[in-house]
file start_6.pdb (PDB, C-alpha atoms, pLDDT in the B column)
ATOM      1  CA  MET Y   1     111.672 112.308 137.312  1.00 51.00           C
ATOM      2  CA  PRO Y   2     112.934 110.784 140.588  1.00 56.00           C
ATOM      3  CA  ALA Y   3     110.080 109.245 142.543  1.00 66.00           C
ATOM      4  CA  ARG Y   4     109.565 109.748 146.257  1.00 77.00           C
ATOM      5  CA  ILE Y   5     109.514 106.501 148.166  1.00 83.00           C
ATOM      6  CA  ARG Y   6     105.840 105.838 148.774  1.00 86.00           C
ATOM      7  CA  PRO Y   7     104.152 102.804 150.370  1.00 86.00           C
ATOM      8  CA  LEU Y   8     102.883 100.343 147.772  1.00 85.00           C
ATOM      9  CA  SER Y   9     100.132  97.731 148.120  1.00 90.00           C
ATOM     10  CA  PRO Y  10     101.333  94.141 147.724  1.00 89.00           C
ATOM     11  CA  HIS Y  11     100.603  92.868 144.227  1.00 87.00           C
ATOM     12  CA  LEU Y  12     102.937  90.222 142.849  1.00 87.00           C
ATOM     13  CA  GLU Y  13     103.253  88.736 146.318  1.00 88.00           C
ATOM     14  CA  ILE Y  14      99.571  87.959 146.656  1.00 92.00           C
ATOM     15  CA  TYR Y  15      97.915  87.881 143.228  1.00 92.00           C
ATOM     16  CA  ARG Y  16      97.137  84.366 142.088  1.00 94.00           C
ATOM     17  CA  TRP Y  17      98.950  83.044 139.006  1.00 93.00           C
ATOM     18  CA  GLN Y  18      96.367  82.264 136.343  1.00 94.00           C
ATOM     19  CA  ILE Y  19      96.475  81.294 132.704  1.00 94.00           C
ATOM     20  CA  GLY Y  20      96.219  84.909 131.534  1.00 94.00           C
ATOM     21  CA  ASN Y  21      98.990  86.542 133.479  1.00 94.00           C
ATOM     22  CA  SER Y  22     101.240  83.479 133.349  1.00 96.00           C
ATOM     23  CA  LEU Y  23     101.158  83.244 129.571  1.00 97.00           C
ATOM     24  CA  SER Y  24     101.629  86.983 129.307  1.00 97.00           C
ATOM     25  CA  ILE Y  25     104.808  87.031 131.369  1.00 96.00           C
ATOM     26  CA  LEU Y  26     106.011  83.921 129.554  1.00 98.00           C
ATOM     27  CA  HIS Y  27     105.576  85.806 126.272  1.00 98.00           C
ATOM     28  CA  ARG Y  28     107.777  88.578 127.642  1.00 98.00           C
ATOM     29  CA  LEU Y  29     110.393  86.172 129.026  1.00 98.00           C
ATOM     30  CA  THR Y  30     110.602  84.202 125.788  1.00 98.00           C
ATOM     31  CA  GLY Y  31     110.875  87.504 123.929  1.00 98.00           C
ATOM     32  CA  ILE Y  32     113.863  88.510 126.030  1.00 98.00           C
ATOM     33  CA  ALA Y  33     115.385  85.058 125.578  1.00 98.00           C
ATOM     34  CA  LEU Y  34     114.961  85.375 121.814  1.00 98.00           C
ATOM     35  CA  ALA Y  35     116.572  88.812 121.852  1.00 98.00           C
ATOM     36  CA  LEU Y  36     119.617  87.116 123.377  1.00 98.00           C
ATOM     37  CA  GLY Y  37     119.228  84.445 120.717  1.00 98.00           C
ATOM     38  CA  LEU Y  38     119.575  87.179 118.140  1.00 98.00           C
ATOM     39  CA  LEU Y  39     123.060  87.836 119.504  1.00 98.00           C
ATOM     40  CA  ALA Y  40     123.844  84.135 119.136  1.00 98.00           C
ATOM     41  CA  LEU Y  41     122.558  84.213 115.559  1.00 98.00           C
ATOM     42  CA  SER Y  42     124.794  87.221 114.858  1.00 98.00           C
ATOM     43  CA  TYR Y  43     127.754  85.337 116.295  1.00 98.00           C
ATOM     44  CA  TRP Y  44     127.011  82.357 114.072  1.00 98.00           C
ATOM     45  CA  LEU Y  45     126.631  84.463 110.910  1.00 98.00           C
ATOM     46  CA  ILE Y  46     129.793  86.439 111.617  1.00 97.00           C
ATOM     47  CA  SER Y  47     131.721  83.198 112.187  1.00 97.00           C
ATOM     48  CA  LEU Y  48     130.452  81.939 108.858  1.00 97.00           C
ATOM     49  CA  ALA Y  49     131.679  85.026 107.056  1.00 97.00           C
ATOM     50  CA  GLY Y  50     134.949  84.797 108.945  1.00 95.00           C
ATOM     51  CA  GLY Y  51     136.019  81.577 107.298  1.00 94.00           C
ATOM     52  CA  GLU Y  52     136.295  77.880 107.955  1.00 95.00           C
ATOM     53  CA  GLN Y  53     138.184  78.099 111.212  1.00 96.00           C
ATOM     54  CA  SER Y  54     135.953  80.662 112.921  1.00 97.00           C
ATOM     55  CA  TYR Y  55     132.871  78.771 111.760  1.00 97.00           C
ATOM     56  CA  SER Y  56     134.082  75.432 113.127  1.00 97.00           C
ATOM     57  CA  GLU Y  57     134.712  77.073 116.503  1.00 97.00           C
ATOM     58  CA  ALA Y  58     131.147  78.352 116.562  1.00 97.00           C
ATOM     59  CA  ALA Y  59     129.794  75.006 115.346  1.00 96.00           C
ATOM     60  CA  ARG Y  60     131.742  73.186 118.041  1.00 96.00           C
ATOM     61  CA  PHE Y  61     130.220  75.409 120.710  1.00 97.00           C
ATOM     62  CA  PHE Y  62     126.661  74.931 119.476  1.00 96.00           C
ATOM     63  CA  ALA Y  63     127.153  71.185 119.140  1.00 94.00           C
ATOM     64  CA  GLY Y  64     128.499  70.949 122.687  1.00 95.00           C
ATOM     65  CA  PRO Y  65     126.375  70.331 125.819  1.00 96.00           C
ATOM     66  CA  TRP Y  66     125.844  73.998 126.695  1.00 97.00           C
ATOM     67  CA  GLY Y  67     125.196  74.860 123.077  1.00 97.00           C
ATOM     68  CA  VAL Y  68     122.574  72.175 122.672  1.00 96.00           C
ATOM     69  CA  LEU Y  69     120.929  73.204 125.935  1.00 98.00           C
ATOM     70  CA  LEU Y  70     120.732  76.805 124.754  1.00 98.00           C
ATOM     71  CA  LEU Y  71     119.405  75.766 121.355  1.00 98.00           C
ATOM     72  CA  ILE Y  72     116.665  73.644 122.918  1.00 98.00           C
ATOM     73  CA  GLY Y  73     115.736  76.576 125.142  1.00 98.00           C
ATOM     74  CA  TRP Y  74     115.640  78.917 122.190  1.00 98.00           C
ATOM     75  CA  THR Y  75     113.565  76.428 120.222  1.00 98.00           C
ATOM     76  CA  PHE Y  76     110.899  76.395 122.916  1.00 98.00           C
ATOM     77  CA  ALA Y  77     111.109  80.175 123.305  1.00 98.00           C
ATOM     78  CA  PHE Y  78     110.691  80.593 119.560  1.00 98.00           C
ATOM     79  CA  PHE Y  79     107.722  78.234 119.159  1.00 98.00           C
ATOM     80  CA  TYR Y  80     105.936  79.592 122.214  1.00 98.00           C
ATOM     81  CA  HIS Y  81     106.527  83.233 121.289  1.00 98.00           C
ATOM     82  CA  LEU Y  82     105.342  82.453 117.739  1.00 98.00           C
ATOM     83  CA  LEU Y  83     102.149  80.664 118.788  1.00 98.00           C
ATOM     84  CA  ASN Y  84     101.296  83.141 121.518  1.00 98.00           C
ATOM     85  CA  GLY Y  85     102.219  85.982 119.173  1.00 98.00           C
ATOM     86  CA  VAL Y  86      99.658  84.750 116.656  1.00 98.00           C
ATOM     87  CA  ARG Y  87      97.183  84.562 119.553  1.00 98.00           C
ATOM     88  CA  HIS Y  88      97.950  88.253 120.195  1.00 98.00           C
ATOM     89  CA  LEU Y  89      97.443  89.118 116.547  1.00 98.00           C
ATOM     90  CA  PHE Y  90      93.990  87.550 116.628  1.00 98.00           C
ATOM     91  CA  TRP Y  91      93.191  89.690 119.666  1.00 97.00           C
ATOM     92  CA  ASP Y  92      94.417  92.750 117.772  1.00 96.00           C
ATOM     93  CA  ILE Y  93      91.777  92.217 115.103  1.00 96.00           C
ATOM     94  CA  GLY Y  94      89.188  91.636 117.805  1.00 96.00           C
ATOM     95  CA  LEU Y  95      88.865  87.870 117.803  1.00 97.00           C
ATOM     96  CA  GLY Y  96      89.190  85.299 120.542  1.00 96.00           C
ATOM     97  CA  PHE Y  97      88.409  87.323 123.642  1.00 96.00           C
ATOM     98  CA  GLU Y  98      85.775  85.023 125.143  1.00 97.00           C
ATOM     99  CA  ARG Y  99      86.911  83.124 128.214  1.00 96.00           C
ATOM    100  CA  THR Y 100      86.750  79.679 126.624  1.00 97.00           C
ATOM    101  CA  GLN Y 101      88.564  80.932 123.536  1.00 97.00           C
ATOM    102  CA  ARG Y 102      91.330  82.571 125.569  1.00 97.00           C
ATOM    103  CA  HIS Y 103      91.863  79.465 127.611  1.00 97.00           C
ATOM    104  CA  ALA Y 104      91.809  77.138 124.612  1.00 97.00           C
ATOM    105  CA  SER Y 105      94.203  79.251 122.563  1.00 98.00           C
ATOM    106  CA  GLY Y 106      96.424  79.652 125.614  1.00 97.00           C
ATOM    107  CA  TRP Y 107      96.732  75.928 126.164  1.00 97.00           C
ATOM    108  CA  PHE Y 108      97.287  75.456 122.447  1.00 98.00           C
ATOM    109  CA  ALA Y 109     100.205  77.889 122.565  1.00 98.00           C
ATOM    110  CA  VAL Y 110     101.947  76.239 125.515  1.00 98.00           C
ATOM    111  CA  LEU Y 111     101.305  72.626 124.582  1.00 98.00           C
ATOM    112  CA  GLY Y 112     101.995  73.346 120.926  1.00 98.00           C
ATOM    113  CA  ALA Y 113     105.334  74.897 121.780  1.00 98.00           C
ATOM    114  CA  ILE Y 114     106.358  71.999 124.001  1.00 98.00           C
ATOM    115  CA  GLY Y 115     105.193  69.533 121.354  1.00 98.00           C
ATOM    116  CA  LEU Y 116     106.979  71.229 118.486  1.00 98.00           C
ATOM    117  CA  THR Y 117     110.187  71.548 120.505  1.00 98.00           C
ATOM    118  CA  LEU Y 118     110.079  67.855 121.391  1.00 98.00           C
ATOM    119  CA  CYS Y 119     109.325  66.858 117.797  1.00 97.00           C
ATOM    120  CA  LEU Y 120     112.157  68.898 116.389  1.00 97.00           C
ATOM    121  CA  TRP Y 121     114.787  67.751 118.865  1.00 97.00           C
ATOM    122  CA  LEU Y 122     113.741  64.098 118.804  1.00 96.00           C
ATOM    123  CA  MET Y 123     114.042  64.286 115.039  1.00 95.00           C
ATOM    124  CA  LEU Y 124     117.507  65.862 115.257  1.00 94.00           C
ATOM    125  CA  TRP Y 125     118.606  63.323 117.833  1.00 93.00           C
ATOM    126  CA  HIS Y 126     117.374  60.515 115.590  1.00 93.00           C
ATOM    127  CA  VAL Y 127     119.249  61.902 112.593  1.00 90.00           C
ATOM    128  CA  ALA Y 128     122.399  62.449 114.645  1.00 86.00           C
ATOM    129  CA  ARG Y 129     122.413  58.868 115.839  1.00 86.00           C
ATOM    130  CA  ALA Y 130     122.112  57.492 112.291  1.00 74.00           C
TER
ATOM    131  CA  MET C   1     101.236 115.804 114.877  1.00 68.00           C
ATOM    132  CA  SER C   2     101.583 115.424 118.609  1.00 70.00           C
ATOM    133  CA  LEU C   3      98.521 115.757 120.794  1.00 72.00           C
ATOM    134  CA  ARG C   4     100.566 116.862 123.779  1.00 71.00           C
ATOM    135  CA  SER C   5     100.359 120.408 125.051  1.00 76.00           C
ATOM    136  CA  PRO C   6     103.605 122.412 124.797  1.00 81.00           C
ATOM    137  CA  LEU C   7     103.938 122.482 128.603  1.00 76.00           C
ATOM    138  CA  GLY C   8     103.305 118.748 128.692  1.00 68.00           C
ATOM    139  CA  GLN C   9     106.058 118.154 126.180  1.00 72.00           C
ATOM    140  CA  VAL C  10     108.515 120.218 128.182  1.00 73.00           C
ATOM    141  CA  LEU C  11     107.668 118.625 131.526  1.00 68.00           C
ATOM    142  CA  GLY C  12     107.430 115.120 130.098  1.00 63.00           C
ATOM    143  CA  THR C  13     103.956 114.687 131.522  1.00 59.00           C
ATOM    144  CA  GLY C  14     100.749 113.886 129.666  1.00 54.00           C
ATOM    145  CA  SER C  15     100.416 111.105 127.116  1.00 54.00           C
ATOM    146  CA  ALA C  16     103.312 108.728 126.735  1.00 59.00           C
ATOM    147  CA  ARG C  17     104.643 109.864 123.362  1.00 58.00           C
ATOM    148  CA  ASN C  18     103.451 108.512 120.045  1.00 66.00           C
ATOM    149  CA  GLY C  19     102.598 104.970 120.918  1.00 72.00           C
ATOM    150  CA  THR C  20     100.719 104.109 117.765  1.00 84.00           C
ATOM    151  CA  ASP C  21     103.767 103.937 115.510  1.00 87.00           C
ATOM    152  CA  HIS C  22     105.527 101.565 117.870  1.00 89.00           C
ATOM    153  CA  TRP C  23     102.421  99.402 118.210  1.00 93.00           C
ATOM    154  CA  TRP C  24     101.882  99.131 114.482  1.00 94.00           C
ATOM    155  CA  ALA C  25     105.534  98.526 113.629  1.00 95.00           C
ATOM    156  CA  GLN C  26     105.610  95.730 116.182  1.00 96.00           C
ATOM    157  CA  ARG C  27     102.664  94.049 114.470  1.00 97.00           C
ATOM    158  CA  VAL C  28     103.992  94.515 110.948  1.00 97.00           C
ATOM    159  CA  SER C  29     107.403  93.102 111.874  1.00 98.00           C
ATOM    160  CA  ALA C  30     105.666  90.233 113.693  1.00 98.00           C
ATOM    161  CA  VAL C  31     103.647  89.289 110.629  1.00 98.00           C
ATOM    162  CA  ALA C  32     106.758  89.497 108.428  1.00 98.00           C
ATOM    163  CA  LEU C  33     108.671  87.315 110.851  1.00 98.00           C
ATOM    164  CA  ILE C  34     106.215  84.440 110.666  1.00 98.00           C
ATOM    165  CA  PRO C  35     107.166  83.334 107.143  1.00 98.00           C
ATOM    166  CA  LEU C  36     110.761  84.536 107.440  1.00 98.00           C
ATOM    167  CA  THR C  37     111.624  82.589 110.598  1.00 98.00           C
ATOM    168  CA  LEU C  38     109.853  79.469 109.379  1.00 98.00           C
ATOM    169  CA  TRP C  39     111.673  79.697 106.052  1.00 98.00           C
ATOM    170  CA  PHE C  40     115.006  79.969 107.887  1.00 98.00           C
ATOM    171  CA  LEU C  41     114.259  77.073 110.221  1.00 97.00           C
ATOM    172  CA  PHE C  42     113.063  74.730 107.481  1.00 97.00           C
ATOM    173  CA  SER C  43     115.908  75.679 105.141  1.00 97.00           C
ATOM    174  CA  LEU C  44     118.524  74.811 107.731  1.00 96.00           C
ATOM    175  CA  LEU C  45     116.748  71.590 108.674  1.00 95.00           C
ATOM    176  CA  ALA C  46     116.587  70.589 105.010  1.00 95.00           C
ATOM    177  CA  LEU C  47     120.348  70.891 104.575  1.00 96.00           C
ATOM    178  CA  PRO C  48     122.174  67.531 104.601  1.00 94.00           C
ATOM    179  CA  ALA C  49     124.667  68.908 107.117  1.00 93.00           C
ATOM    180  CA  LEU C  50     125.545  72.181 108.840  1.00 94.00           C
ATOM    181  CA  ASP C  51     129.238  72.194 108.012  1.00 95.00           C
ATOM    182  CA  TYR C  52     131.019  75.242 106.651  1.00 96.00           C
ATOM    183  CA  GLY C  53     130.863  74.281 102.984  1.00 96.00           C
ATOM    184  CA  THR C  54     127.199  73.346 102.935  1.00 96.00           C
ATOM    185  CA  VAL C  55     125.997  76.370 104.877  1.00 97.00           C
ATOM    186  CA  ARG C  56     128.157  78.761 102.905  1.00 96.00           C
ATOM    187  CA  ALA C  57     126.971  77.315  99.584  1.00 96.00           C
ATOM    188  CA  TRP C  58     123.377  77.641 100.753  1.00 97.00           C
ATOM    189  CA  LEU C  59     123.794  81.261 101.827  1.00 96.00           C
ATOM    190  CA  SER C  60     125.617  82.227  98.618  1.00 95.00           C
ATOM    191  CA  LEU C  61     122.441  81.707  96.642  1.00 95.00           C
ATOM    192  CA  SER C  62     120.930  85.122  96.012  1.00 93.00           C
ATOM    193  CA  ILE C  63     117.431  84.263  97.172  1.00 96.00           C
ATOM    194  CA  ASN C  64     118.756  82.899 100.461  1.00 97.00           C
ATOM    195  CA  GLY C  65     121.007  85.903 100.971  1.00 97.00           C
ATOM    196  CA  LEU C  66     118.125  88.273 100.364  1.00 97.00           C
ATOM    197  CA  LEU C  67     115.700  86.477 102.667  1.00 98.00           C
ATOM    198  CA  ALA C  68     118.372  86.173 105.337  1.00 98.00           C
ATOM    199  CA  VAL C  69     118.977  89.924 105.228  1.00 98.00           C
ATOM    200  CA  LEU C  70     115.245  90.584 105.486  1.00 98.00           C
ATOM    201  CA  LEU C  71     114.996  88.115 108.345  1.00 98.00           C
ATOM    202  CA  VAL C  72     117.774  89.795 110.327  1.00 98.00           C
ATOM    203  CA  ALA C  73     116.346  93.250 109.654  1.00 98.00           C
ATOM    204  CA  ALA C  74     112.840  92.303 110.786  1.00 98.00           C
ATOM    205  CA  LEU C  75     114.199  90.317 113.717  1.00 98.00           C
ATOM    206  CA  THR C  76     116.401  93.175 114.908  1.00 98.00           C
ATOM    207  CA  TYR C  77     113.608  95.713 114.612  1.00 98.00           C
ATOM    208  CA  HIS C  78     111.022  93.524 116.349  1.00 98.00           C
ATOM    209  CA  SER C  79     113.501  92.646 119.104  1.00 98.00           C
ATOM    210  CA  TYR C  80     114.384  96.298 119.572  1.00 97.00           C
ATOM    211  CA  LEU C  81     110.754  97.410 119.847  1.00 96.00           C
ATOM    212  CA  GLY C  82     109.986  94.617 122.267  1.00 97.00           C
ATOM    213  CA  THR C  83     112.947  95.140 124.547  1.00 97.00           C
ATOM    214  CA  ILE C  84     112.311  98.888 124.720  1.00 94.00           C
ATOM    215  CA  GLU C  85     108.923  98.091 126.226  1.00 94.00           C
ATOM    216  CA  VAL C  86     110.555  95.940 128.864  1.00 95.00           C
ATOM    217  CA  ILE C  87     112.916  98.751 129.846  1.00 94.00           C
ATOM    218  CA  GLU C  88     110.121 101.300 129.907  1.00 91.00           C
ATOM    219  CA  ASP C  89     108.089  99.062 132.200  1.00 92.00           C
ATOM    220  CA  TYR C  90     110.769  98.364 134.766  1.00 92.00           C
ATOM    221  CA  VAL C  91     113.440 101.047 134.603  1.00 90.00           C
ATOM    222  CA  HIS C  92     112.418 104.462 135.858  1.00 85.00           C
ATOM    223  CA  GLY C  93     113.880 107.866 136.284  1.00 80.00           C
ATOM    224  CA  ASN C  94     117.182 109.624 136.033  1.00 76.00           C
ATOM    225  CA  GLY C  95     119.898 108.426 133.740  1.00 88.00           C
ATOM    226  CA  ALA C  96     119.242 104.710 134.165  1.00 91.00           C
ATOM    227  CA  LYS C  97     116.395 104.687 131.691  1.00 91.00           C
ATOM    228  CA  LEU C  98     118.230 106.815 129.142  1.00 91.00           C
ATOM    229  CA  ILE C  99     121.369 104.712 129.344  1.00 93.00           C
ATOM    230  CA  SER C 100     119.361 101.491 129.070  1.00 94.00           C
ATOM    231  CA  LEU C 101     117.447 102.688 126.021  1.00 93.00           C
ATOM    232  CA  LEU C 102     120.563 103.984 124.296  1.00 94.00           C
ATOM    233  CA  SER C 103     122.443 100.751 125.009  1.00 96.00           C
ATOM    234  CA  LEU C 104     119.576  98.698 123.613  1.00 96.00           C
ATOM    235  CA  ARG C 105     119.554 100.705 120.436  1.00 96.00           C
ATOM    236  CA  PHE C 106     123.312 100.485 119.964  1.00 97.00           C
ATOM    237  CA  VAL C 107     123.470  96.761 120.687  1.00 97.00           C
ATOM    238  CA  HIS C 108     120.679  96.070 118.233  1.00 98.00           C
ATOM    239  CA  VAL C 109     122.190  98.216 115.513  1.00 98.00           C
ATOM    240  CA  LEU C 110     125.541  96.539 116.076  1.00 98.00           C
ATOM    241  CA  ALA C 111     124.164  92.998 116.077  1.00 97.00           C
ATOM    242  CA  GLY C 112     121.833  93.571 113.153  1.00 98.00           C
ATOM    243  CA  GLY C 113     124.379  95.529 111.179  1.00 98.00           C
ATOM    244  CA  ALA C 114     127.149  93.013 111.715  1.00 98.00           C
ATOM    245  CA  SER C 115     124.857  90.123 110.783  1.00 98.00           C
ATOM    246  CA  ILE C 116     123.694  91.751 107.566  1.00 98.00           C
ATOM    247  CA  PHE C 117     127.275  92.650 106.731  1.00 97.00           C
ATOM    248  CA  ALA C 118     128.296  89.018 107.283  1.00 97.00           C
ATOM    249  CA  ILE C 119     125.445  87.719 105.109  1.00 97.00           C
ATOM    250  CA  LEU C 120     126.379  90.121 102.321  1.00 97.00           C
ATOM    251  CA  ARG C 121     130.019  89.073 102.528  1.00 96.00           C
ATOM    252  CA  VAL C 122     129.036  85.452 102.067  1.00 96.00           C
ATOM    253  CA  ALA C 123     126.485  86.260  99.364  1.00 94.00           C
ATOM    254  CA  PHE C 124     129.001  88.276  97.352  1.00 92.00           C
ATOM    255  CA  GLY C 125     131.676  85.707  97.908  1.00 83.00           C
ATOM    256  CA  SER C 126     134.272  87.367 100.098  1.00 72.00           C
TER
END

call {"tool": "encode", "arguments": {"input": "start_6.pdb", "output": "structure tokens"}}
result
Amino acid sequence: MPARIRPLSPHLEIYRWQIGNSLSILHRLTGIALALGLLALSYWLISLAGGEQSYSEAARFFAGPWGVLLLIGWTFAFFYHLLNGVRHLFWDIGLGFERTQRHASGWFAVLGAIGLTLCLWLMLWHVARA
Amino acid sequence: MSLRSPLGQVLGTGSARNGTDHWWAQRVSAVALIPLTLWFLFSLLALPALDYGTVRAWLSLSINGLLAVLLVAALTYHSYLGTIEVIEDYVHGNGAKLISLLSLRFVHVLAGGASIFAILRVAFGS
């Protein structure tokens, strides 16, 4: 139903960014990023089924600078979305709502994601150099 | 059984459809994705290389083919449910919402379907 243009109170412009809303929007953004990653995964799988030549084209892209950048981004998106997703699942069964718990689990999700991403890519970089 | 009144259903007012199914499916697919994504990640990392021969040999194993299909199915479904919510939150009214939702569904079916088809081709050796 088309909405009439009505005046709206400022919200995003003035509301302070806090741990709760920041992590929530990050969960959504990483989710969207991962949905795009699904397309990349499809591309990779289809190239594999397509034969040696199509696969090496895909592999060359993902090994290139843009490819690596995207993969690092998707790695962080994946780990964060996973950790924060588990945080959500705990909320769904009624656990972890206290302020200290929310904050602790929130920091765990962000720092854990950054940490895991770094670990994985440092490891890959180390193996690639060998 | 819908709790909406007949007039509410016709006008599109009242409660926002059957949200419970969507909510539950999102959780079930999320739980399934935890082991499936981790399996996929660790399997690929454990491979000596990611060249055509190695990856293809790995995916030709039945267990890997099966888990890969399940992964793509759960991933596609979870992604679809999640992205619908984004559209419903930000896109309102007229045809824009309908077109967005339809496009999302078609893109997901296409991506998921093509991926599963590709996995099966490799698994069955063609």

call {"tool": "residues_near_point", "arguments": {"input": "start_6.pdb", "point": "(130.7, 72.0, 104.4)", "cutoff": "12 Å", "atoms": "only C-alpha atoms", "output": "NGL selection string"}}
result
(:Y and (48 or 51-53 or 55-56 or 59)) or (:C and (47-59))

call {"tool": "closest_atom_pairs", "arguments": {"input": "start_6.pdb", "of": "chain C", "to": "chain Y", "cutoff": "10 Å", "atoms": "only C-alpha atoms", "output": "CSV"}}
result
residue,atom,partner,partner_atom,distance
C:Leu11,CA,Y:Met1,CA,9.5
C:Gly12,CA,Y:Met1,CA,8.8
C:Thr13,CA,Y:Met1,CA,9.9
C:Arg27,CA,Y:Leu89,CA,7.5
C:Ala30,CA,Y:Gly85,CA,7.7
C:Val31,CA,Y:Val86,CA,8.5
C:Leu33,CA,Y:Leu82,CA,9.1
C:Ile34,CA,Y:Leu82,CA,7.4
C:Thr37,CA,Y:Phe78,CA,9.2
C:Leu38,CA,Y:Leu82,CA,10.0
C:Leu45,CA,Y:Leu124,CA,8.8
C:Leu50,CA,Y:Ala59,CA,8.3
C:Asp51,CA,Y:Ser56,CA,7.8
C:Tyr52,CA,Y:Glu52,CA,6.0
C:Gly53,CA,Y:Glu52,CA,8.2
C:Val55,CA,Y:Leu48,CA,8.2
C:Arg56,CA,Y:Leu48,CA,7.1
C:Leu59,CA,Y:Leu48,CA,9.7
C:Val72,CA,Y:Leu38,CA,8.4
C:Leu75,CA,Y:Leu38,CA,7.6
C:Thr76,CA,Y:Leu38,CA,7.5
C:His78,CA,Y:Ala35,CA,9.1
C:Ser79,CA,Y:Ala35,CA,5.6
C:Tyr80,CA,Y:Ala35,CA,8.1
C:Gly82,CA,Y:Gly31,CA,7.4
C:Thr83,CA,Y:Ile32,CA,6.9
C:Glu85,CA,Y:Arg28,CA,9.7
C:Val86,CA,Y:Arg28,CA,8.0
C:His92,CA,Y:Pro2,CA,7.9
C:Gly93,CA,Y:Met1,CA,5.1
C:Asn94,CA,Y:Met1,CA,6.3
C:Gly95,CA,Y:Met1,CA,9.8
C:Val107,CA,Y:Leu39,CA,9.0
C:His108,CA,Y:Leu39,CA,8.7
C:Leu110,CA,Y:Ser42,CA,9.4
C:Ala111,CA,Y:Ser42,CA,5.9
C:Gly112,CA,Y:Ser42,CA,7.2
C:Gly113,CA,Y:Ser42,CA,9.1
C:Ala114,CA,Y:Ser42,CA,7.0
C:Ser115,CA,Y:Ser42,CA,5.0
C:Ile116,CA,Y:Leu45,CA,8.5
C:Phe117,CA,Y:Ile46,CA,8.3
C:Ala118,CA,Y:Ala49,CA,5.2
C:Ile119,CA,Y:Leu45,CA,6.8
C:Leu120,CA,Y:Ala49,CA,8.7
C:Arg121,CA,Y:Ala49,CA,6.3
C:Val122,CA,Y:Ala49,CA,5.7
C:Ala123,CA,Y:Ala49,CA,9.4
C:Gly125,CA,Y:Ala49,CA,9.2
C:Ser126,CA,Y:Ala49,CA,7.8

call {"tool": "residues_around", "arguments": {"input": "start_6.pdb", "residues": "Val68 (chain Y)", "least_positions_apart": "5", "cutoff": "12 Å", "atoms": "all atoms listed in the file", "output": "VMD selection string"}}
result
chain Y and resid 59 to 63 73 to 75 121 124 to 125

call {"tool": "residues_around", "arguments": {"input": "start_6.pdb", "residues": "Pro35 (chain C)", "least_positions_apart": "6", "cutoff": "12 Å", "atoms": "all atoms listed in the file", "output": "ChimeraX atom specification"}}
result
/Y:82 /C:29,41-43,67-68,70-71,74-75

call {"tool": "residues_around", "arguments": {"input": "start_6.pdb", "residues": "Leu23 (chain Y)", "least_positions_apart": "6", "cutoff": "9 Å", "atoms": "only C-alpha atoms", "output": "PDB file with C-alpha atoms, keeping the file's coordinate frame"}}
result
ATOM      1  CA  ASN Y  84     101.296  83.141 121.518  1.00 98.00           C
ATOM      2  CA  GLY Y 106      96.424  79.652 125.614  1.00 97.00           C
ATOM      3  CA  ALA Y 109     100.205  77.889 122.565  1.00 98.00           C
ATOM      4  CA  VAL Y 110     101.947  76.239 125.515  1.00 98.00           C
TER       5      VAL Y 110
END

call {"tool": "residues_around", "arguments": {"input": "start_6.pdb", "residues": "region 102-104 of chain Y", "least_positions_apart": "5", "cutoff": "9 Å", "atoms": "all atoms listed in the file", "output": "ChimeraX atom specification"}}
result
/Y:19-20,87,96-97,109

call {"tool": "atom_distance", "arguments": {"input": "start_6.pdb", "atom1": "CA of Tyr77 (chain C)", "atom2": "CA of Val10 (chain C)"}}
result
28.5 Å

call {"tool": "atom_distance", "arguments": {"input": "start_6.pdb", "atom1": "CA of Ser2 (chain C)", "atom2": "CA of Ile87 (chain C)"}}
result
23.1 Å

call {"tool": "atom_distance", "arguments": {"input": "start_6.pdb", "atom1": "CA of Phe79 (chain Y)", "atom2": "CA of Leu118 (chain Y)"}}
result
10.9 Å

call {"tool": "axis_aligned_box", "arguments": {"input": "start_6.pdb", "around": "region 73-81 of chain Y", "padding_each_side": "4 Å", "output": "lines of an AutoDock Vina configuration file"}}
result
center_x = 110.8
center_y = 79.8
center_z = 122.2
size_x = 17.8
size_y = 14.8
size_z = 14.0

call {"tool": "residues_around", "arguments": {"input": "start_6.pdb", "residues": "Ile84 (chain C)", "least_positions_apart": "5", "cutoff": "9 Å", "atoms": "only C-alpha atoms", "output": "PyMOL selection string"}}
result
chain C and resi 79+89+100-101+104-105

call {"tool": "build_atoms", "arguments": {"input": "start_6.pdb", "residues": "region 42-48 of chain Y", "atoms": "N, CA and C atoms", "output": "compact mmCIF listing (two decimals), in the coordinates of the input"}}
result
# COMPACT_ATOMS: atom_id res chain seq x y z
N SER Y 42 123.78 86.31 115.40
CA SER Y 42 124.79 87.22 114.86
C SER Y 42 126.17 86.57 114.93
N TYR Y 43 126.47 86.00 116.10
CA TYR Y 43 127.75 85.34 116.30
C TYR Y 43 127.96 84.25 115.25
N TRP Y 44 126.92 83.45 115.03
CA TRP Y 44 127.01 82.36 114.07
C TRP Y 44 127.25 82.87 112.65
N LEU Y 45 126.49 83.90 112.26
CA LEU Y 45 126.63 84.46 110.91
C LEU Y 45 128.01 85.09 110.71
N ILE Y 46 128.48 85.80 111.72
CA ILE Y 46 129.79 86.44 111.62
C ILE Y 46 130.88 85.37 111.52
N SER Y 47 130.74 84.29 112.28
CA SER Y 47 131.72 83.20 112.19
C SER Y 47 131.73 82.58 110.80
N LEU Y 48 130.54 82.50 110.20
CA LEU Y 48 130.45 81.94 108.86
C LEU Y 48 131.21 82.80 107.87
